[in-house]
Amino acid sequence: MTGKLREDLFEGADPNIGVTAPRGTTKARIERAALQLFARHGMDGVSIKQIAQACTISDGAMYRHFKSKDELARLMFEAIHAHLLQLVDANIRPDASLEDTVRAVVTAYCELAENDPAQFTYHLTHRNYFLAASGDGGANPSDVMSARVTAAMASGEIPSGDPELAAAMALGLVMQPAEYRIFGRIQQPMTELIPVFTTAIMAVLRAA
């Protein structure tokens, strides 16, 4: 991806709001500082010393809360990943149609992208690393989409085919624009595009 990361997306975040820790705690401040730095520079481009300096604590104080930078990075990723699935569950009913499911998944990604750009950017840019390291990927919105597409193919609601390929194509219609937004190639808020993404995904699934 060419272009410059939109620093303005990360400005104004409350330094007291972490990922897993209670608001206002030292641990929360460490998580927020690390999250902002990881989103901007990547996990490998950030040191423990830089995180400590960003939240004005000593290196030693960091280790009282996290054994290592890798542990901090992994715990935050897992929490964000689980939060995405919770966002999907919050927007979907047990009897949800295929389109309802698509909208719920799209809404989860778009809401996270707008409500906490640093969390979304960190998850987006480190997803392959952590899901590959976990061995099975864990439960996630991709599984929700794949399961619903499989059911829709089985019932004849959409053409038969490879459900994993169809689900990947569907999610790509959200994730690629999200990446473009991070690098300033799309300016419109992701939440305003939920209807556009939902319509586009349904068109792909019906044509697949």
# chains A, B, ... in the order shown; residues from 1 in each chain; ligands from 1
$ residues_around --residues "stretch 11-25 of chain A" --least-positions-apart "5" --cutoff "9 Å" --atoms "only C-alpha atoms" --output "number ranges by chain"
A: 30-33, 35-36, 55, 75-77, 79-80, 116, 118-119
$ write_last_selection --atoms "C-alpha atoms" --output "mmCIF file, in the first residue's frame"
data_model
loop_
_atom_site.group_PDB
_atom_site.id
_atom_site.type_symbol
_atom_site.label_atom_id
_atom_site.label_comp_id
_atom_site.auth_asym_id
_atom_site.auth_seq_id
_atom_site.Cartn_x
_atom_site.Cartn_y
_atom_site.Cartn_z
ATOM 1 C CA ILE A 30 0.635 1.039 29.012
ATOM 2 C CA GLU A 31 -1.827 -0.695 26.696
ATOM 3 C CA ARG A 32 -2.968 2.555 25.080
ATOM 4 C CA ALA A 33 0.600 3.779 24.565
ATOM 5 C CA LEU A 35 -1.501 0.289 20.908
ATOM 6 C CA GLN A 36 -0.859 3.735 19.441
ATOM 7 C CA CYS A 55 3.234 6.555 29.173
ATOM 8 C CA LEU A 75 -2.958 -10.133 24.926
ATOM 9 C CA MET A 76 -4.148 -6.943 23.280
ATOM 10 C CA PHE A 77 -4.668 -8.642 19.932
ATOM 11 C CA ALA A 79 -8.854 -9.027 23.375
ATOM 12 C CA ILE A 80 -9.564 -6.951 20.254
ATOM 13 C CA ASP A 116 -11.076 3.153 18.067
ATOM 14 C CA ALA A 118 -5.784 2.405 16.787
ATOM 15 C CA GLN A 119 -7.387 -0.885 17.853
#
$ residues_around --residues "A:Gln50" --least-positions-apart "4" --cutoff "12 Å" --atoms "only C-alpha atoms" --output "mmCIF file with N, CA, C and O atoms, in the first residue's frame"
data_model
loop_
_atom_site.group_PDB
_atom_site.id
_atom_site.type_symbol
_atom_site.label_atom_id
_atom_site.label_comp_id
_atom_site.auth_asym_id
_atom_site.auth_seq_id
_atom_site.Cartn_x
_atom_site.Cartn_y
_atom_site.Cartn_z
ATOM 1 N N ILE A 30 -0.371 1.795 29.756
ATOM 2 C CA ILE A 30 0.635 1.039 29.012
ATOM 3 C C ILE A 30 0.013 0.479 27.731
ATOM 4 O O ILE A 30 0.587 0.580 26.637
ATOM 5 N N ALA A 33 -0.652 3.294 25.159
ATOM 6 C CA ALA A 33 0.600 3.779 24.565
ATOM 7 C C ALA A 33 1.138 2.762 23.562
ATOM 8 O O ALA A 33 1.546 3.118 22.444
ATOM 9 N N ALA A 34 1.130 1.485 23.955
ATOM 10 C CA ALA A 34 1.619 0.430 23.064
ATOM 11 C C ALA A 34 0.739 0.319 21.819
ATOM 12 O O ALA A 34 1.237 0.170 20.695
ATOM 13 N N LEU A 35 -0.559 0.402 22.021
ATOM 14 C CA LEU A 35 -1.501 0.289 20.908
ATOM 15 C C LEU A 35 -1.247 1.382 19.873
ATOM 16 O O LEU A 35 -1.197 1.121 18.662
ATOM 17 N N GLN A 36 -1.100 2.615 20.345
ATOM 18 C CA GLN A 36 -0.859 3.735 19.441
ATOM 19 C C GLN A 36 0.454 3.545 18.678
ATOM 20 O O GLN A 36 0.526 3.787 17.469
ATOM 21 N N LEU A 37 1.495 3.104 19.389
ATOM 22 C CA LEU A 37 2.795 2.905 18.750
ATOM 23 C C LEU A 37 2.770 1.721 17.786
ATOM 24 O O LEU A 37 3.321 1.801 16.676
ATOM 25 N N PHE A 38 2.133 0.628 18.174
ATOM 26 C CA PHE A 38 2.065 -0.541 17.304
ATOM 27 C C PHE A 38 1.271 -0.227 16.038
ATOM 28 O O PHE A 38 1.597 -0.698 14.945
ATOM 29 N N HIS A 41 3.733 2.049 13.917
ATOM 30 C CA HIS A 41 5.050 1.564 13.513
ATOM 31 C C HIS A 41 5.162 0.041 13.404
ATOM 32 O O HIS A 41 6.201 -0.452 12.965
ATOM 33 N N MET A 43 4.490 -3.803 15.529
ATOM 34 C CA MET A 43 5.004 -4.341 16.785
ATOM 35 C C MET A 43 6.525 -4.436 16.773
ATOM 36 O O MET A 43 7.200 -4.101 17.760
ATOM 37 N N ASP A 44 7.102 -4.873 15.655
ATOM 38 C CA ASP A 44 8.545 -5.069 15.579
ATOM 39 C C ASP A 44 9.313 -3.751 15.536
ATOM 40 O O ASP A 44 10.524 -3.729 15.773
ATOM 41 N N GLY A 45 8.616 -2.660 15.246
ATOM 42 C CA GLY A 45 9.285 -1.370 15.146
ATOM 43 C C GLY A 45 9.231 -0.558 16.428
ATOM 44 O O GLY A 45 9.602 0.624 16.424
ATOM 45 N N VAL A 46 8.782 -1.183 17.504
ATOM 46 C CA VAL A 46 8.603 -0.479 18.774
ATOM 47 C C VAL A 46 9.319 -1.238 19.889
ATOM 48 O O VAL A 46 9.247 -2.466 19.954
ATOM 49 N N ALA A 54 6.404 6.645 26.427
ATOM 50 C CA ALA A 54 5.139 7.201 25.946
ATOM 51 C C ALA A 54 4.106 7.334 27.063
ATOM 52 O O ALA A 54 3.240 8.203 27.005
ATOM 53 N N CYS A 55 4.195 6.452 28.065
ATOM 54 C CA CYS A 55 3.234 6.555 29.173
ATOM 55 C C CYS A 55 3.923 7.002 30.466
ATOM 56 O O CYS A 55 3.382 6.815 31.560
ATOM 57 N N THR A 56 5.117 7.563 30.311
ATOM 58 C CA THR A 56 5.878 8.194 31.402
ATOM 59 C C THR A 56 6.059 7.292 32.624
ATOM 60 O O THR A 56 5.777 7.680 33.756
ATOM 61 N N ILE A 57 6.520 6.071 32.392
ATOM 62 C CA ILE A 57 6.888 5.173 33.479
ATOM 63 C C ILE A 57 8.271 4.603 33.169
ATOM 64 O O ILE A 57 8.783 4.756 32.058
ATOM 65 N N SER A 58 8.845 3.915 34.120
ATOM 66 C CA SER A 58 10.163 3.319 33.910
ATOM 67 C C SER A 58 10.033 1.987 33.182
ATOM 68 O O SER A 58 8.959 1.371 33.166
ATOM 69 N N ASP A 59 11.135 1.535 32.583
ATOM 70 C CA ASP A 59 11.141 0.218 31.934
ATOM 71 C C ASP A 59 10.761 -0.863 32.940
ATOM 72 O O ASP A 59 10.017 -1.800 32.627
ATOM 73 N N MET A 62 7.126 -1.365 33.540
ATOM 74 C CA MET A 62 6.476 -2.106 32.446
ATOM 75 C C MET A 62 6.419 -3.594 32.776
ATOM 76 O O MET A 62 5.389 -4.253 32.615
ATOM 77 N N LYS A 69 7.222 -7.535 25.710
ATOM 78 C CA LYS A 69 6.480 -6.817 24.672
ATOM 79 C C LYS A 69 5.592 -7.789 23.896
ATOM 80 O O LYS A 69 4.453 -7.459 23.539
#
$ closest_atom_pairs --of "stretch 51-141 of chain A" --to "stretch 177-180 of chain A" --cutoff "9 Å" --atoms "only C-alpha atoms" --output "tab-separated table"
residue	atom	partner	partner_atom	distance
A:Tyr109	CA	A:Ala178	CA	8.8
A:Cys110	CA	A:Ala178	CA	8.1
A:Ala113	CA	A:Ala178	CA	7.6
A:Thr121	CA	A:Glu179	CA	8.1
A:Leu124	CA	A:Glu179	CA	7.9
A:Thr125	CA	A:Glu179	CA	8.9
$ atom_distance --atom1 "atom CA of A:Val105" --atom2 "atom CA of A:Arg6"
24.4 Å
$ closest_residue --among "A:Gln187, A:Asn115, A:Leu171, A:Leu84" --to "A:Met145" --atoms "only C-alpha atoms"
A:Leu171
$ decode --residues "stretch 42-54 of chain A" --atoms "all heavy atoms" --output "PDB file, in the first residue's frame"
ATOM      1  N   GLY A  42       4.138  -0.680  13.806  1.00  0.00           N
ATOM      2  CA  GLY A  42       4.230  -2.130  13.818  1.00  0.00           C
ATOM      3  C   GLY A  42       4.872  -2.617  15.099  1.00  0.00           C
ATOM      4  O   GLY A  42       5.718  -1.927  15.682  1.00  0.00           O
ATOM      5  N   MET A  43       4.490  -3.803  15.529  1.00  0.00           N
ATOM      6  CA  MET A  43       5.004  -4.341  16.785  1.00  0.00           C
ATOM      7  C   MET A  43       6.525  -4.436  16.773  1.00  0.00           C
ATOM      8  O   MET A  43       7.200  -4.101  17.760  1.00  0.00           O
ATOM      9  CB  MET A  43       4.398  -5.725  17.028  1.00  0.00           C
ATOM     10  CG  MET A  43       4.769  -6.360  18.354  1.00  0.00           C
ATOM     11  SD  MET A  43       4.035  -8.006  18.541  1.00  0.00           S
ATOM     12  CE  MET A  43       5.041  -8.942  17.377  1.00  0.00           C
ATOM     13  N   ASP A  44       7.102  -4.873  15.655  1.00  0.00           N
ATOM     14  CA  ASP A  44       8.545  -5.069  15.579  1.00  0.00           C
ATOM     15  C   ASP A  44       9.313  -3.751  15.536  1.00  0.00           C
ATOM     16  O   ASP A  44      10.524  -3.729  15.773  1.00  0.00           O
ATOM     17  CB  ASP A  44       8.906  -5.905  14.348  1.00  0.00           C
ATOM     18  CG  ASP A  44       8.414  -7.347  14.468  1.00  0.00           C
ATOM     19  OD1 ASP A  44       8.206  -7.801  15.606  1.00  0.00           O
ATOM     20  OD2 ASP A  44       8.245  -8.003  13.423  1.00  0.00           O
ATOM     21  N   GLY A  45       8.616  -2.660  15.246  1.00  0.00           N
ATOM     22  CA  GLY A  45       9.285  -1.370  15.146  1.00  0.00           C
ATOM     23  C   GLY A  45       9.231  -0.558  16.428  1.00  0.00           C
ATOM     24  O   GLY A  45       9.602   0.624  16.424  1.00  0.00           O
ATOM     25  N   VAL A  46       8.782  -1.183  17.504  1.00  0.00           N
ATOM     26  CA  VAL A  46       8.603  -0.479  18.774  1.00  0.00           C
ATOM     27  C   VAL A  46       9.319  -1.238  19.889  1.00  0.00           C
ATOM     28  O   VAL A  46       9.247  -2.466  19.954  1.00  0.00           O
ATOM     29  CB  VAL A  46       7.106  -0.341  19.116  1.00  0.00           C
ATOM     30  CG1 VAL A  46       6.917   0.320  20.476  1.00  0.00           C
ATOM     31  CG2 VAL A  46       6.379   0.451  18.032  1.00  0.00           C
ATOM     32  N   SER A  47       9.990  -0.518  20.770  1.00  0.00           N
ATOM     33  CA  SER A  47      10.693  -1.146  21.890  1.00  0.00           C
ATOM     34  C   SER A  47       9.940  -0.922  23.195  1.00  0.00           C
ATOM     35  O   SER A  47       9.086  -0.045  23.295  1.00  0.00           O
ATOM     36  CB  SER A  47      12.103  -0.553  22.024  1.00  0.00           C
ATOM     37  OG  SER A  47      12.034   0.805  22.435  1.00  0.00           O
ATOM     38  N   ILE A  48      10.301  -1.732  24.186  1.00  0.00           N
ATOM     39  CA  ILE A  48       9.741  -1.555  25.532  1.00  0.00           C
ATOM     40  C   ILE A  48      10.052  -0.148  26.050  1.00  0.00           C
ATOM     41  O   ILE A  48       9.199   0.510  26.670  1.00  0.00           O
ATOM     42  CB  ILE A  48      10.320  -2.613  26.497  1.00  0.00           C
ATOM     43  CG1 ILE A  48       9.623  -3.962  26.297  1.00  0.00           C
ATOM     44  CG2 ILE A  48      10.180  -2.171  27.948  1.00  0.00           C
ATOM     45  CD1 ILE A  48       8.207  -4.038  26.845  1.00  0.00           C
ATOM     46  N   LYS A  49      11.265   0.327  25.801  1.00  0.00           N
ATOM     47  CA  LYS A  49      11.655   1.655  26.261  1.00  0.00           C
ATOM     48  C   LYS A  49      10.755   2.727  25.657  1.00  0.00           C
ATOM     49  O   LYS A  49      10.339   3.667  26.355  1.00  0.00           O
ATOM     50  CB  LYS A  49      13.120   1.931  25.896  1.00  0.00           C
ATOM     51  CG  LYS A  49      13.625   3.286  26.388  1.00  0.00           C
ATOM     52  CD  LYS A  49      15.094   3.474  26.086  1.00  0.00           C
ATOM     53  CE  LYS A  49      15.957   2.603  26.931  1.00  0.00           C
ATOM     54  NZ  LYS A  49      15.889   2.963  28.381  1.00  0.00           N
ATOM     55  N   GLN A  50      10.412   2.603  24.381  1.00  0.00           N
ATOM     56  CA  GLN A  50       9.545   3.595  23.734  1.00  0.00           C
ATOM     57  C   GLN A  50       8.139   3.576  24.342  1.00  0.00           C
ATOM     58  O   GLN A  50       7.523   4.630  24.521  1.00  0.00           O
ATOM     59  CB  GLN A  50       9.467   3.316  22.234  1.00  0.00           C
ATOM     60  CG  GLN A  50      10.737   3.653  21.473  1.00  0.00           C
ATOM     61  CD  GLN A  50      10.675   3.205  20.032  1.00  0.00           C
ATOM     62  OE1 GLN A  50      10.348   2.061  19.731  1.00  0.00           O
ATOM     63  NE2 GLN A  50      10.980   4.119  19.123  1.00  0.00           N
ATOM     64  N   ILE A  51       7.643   2.385  24.648  1.00  0.00           N
ATOM     65  CA  ILE A  51       6.319   2.288  25.272  1.00  0.00           C
ATOM     66  C   ILE A  51       6.341   2.928  26.648  1.00  0.00           C
ATOM     67  O   ILE A  51       5.446   3.692  27.016  1.00  0.00           O
ATOM     68  CB  ILE A  51       5.872   0.811  25.368  1.00  0.00           C
ATOM     69  CG1 ILE A  51       5.756   0.189  23.976  1.00  0.00           C
ATOM     70  CG2 ILE A  51       4.536   0.713  26.110  1.00  0.00           C
ATOM     71  CD1 ILE A  51       5.552  -1.316  23.985  1.00  0.00           C
ATOM     72  N   ALA A  52       7.375   2.618  27.432  1.00  0.00           N
ATOM     73  CA  ALA A  52       7.502   3.184  28.778  1.00  0.00           C
ATOM     74  C   ALA A  52       7.580   4.704  28.725  1.00  0.00           C
ATOM     75  O   ALA A  52       6.939   5.406  29.516  1.00  0.00           O
ATOM     76  CB  ALA A  52       8.729   2.604  29.465  1.00  0.00           C
ATOM     77  N   GLN A  53       8.365   5.225  27.790  1.00  0.00           N
ATOM     78  CA  GLN A  53       8.490   6.684  27.657  1.00  0.00           C
ATOM     79  C   GLN A  53       7.168   7.315  27.272  1.00  0.00           C
ATOM     80  O   GLN A  53       6.820   8.401  27.759  1.00  0.00           O
ATOM     81  CB  GLN A  53       9.557   7.012  26.610  1.00  0.00           C
ATOM     82  CG  GLN A  53      10.984   6.714  27.059  1.00  0.00           C
ATOM     83  CD  GLN A  53      12.001   6.933  25.948  1.00  0.00           C
ATOM     84  OE1 GLN A  53      11.663   6.989  24.762  1.00  0.00           O
ATOM     85  NE2 GLN A  53      13.264   7.043  26.336  1.00  0.00           N
ATOM     86  N   ALA A  54       6.404   6.645  26.427  1.00  0.00           N
ATOM     87  CA  ALA A  54       5.139   7.201  25.946  1.00  0.00           C
ATOM     88  C   ALA A  54       4.106   7.334  27.063  1.00  0.00           C
ATOM     89  O   ALA A  54       3.240   8.203  27.005  1.00  0.00           O
ATOM     90  CB  ALA A  54       4.584   6.334  24.822  1.00  0.00           C
TER      91      ALA A  54
END
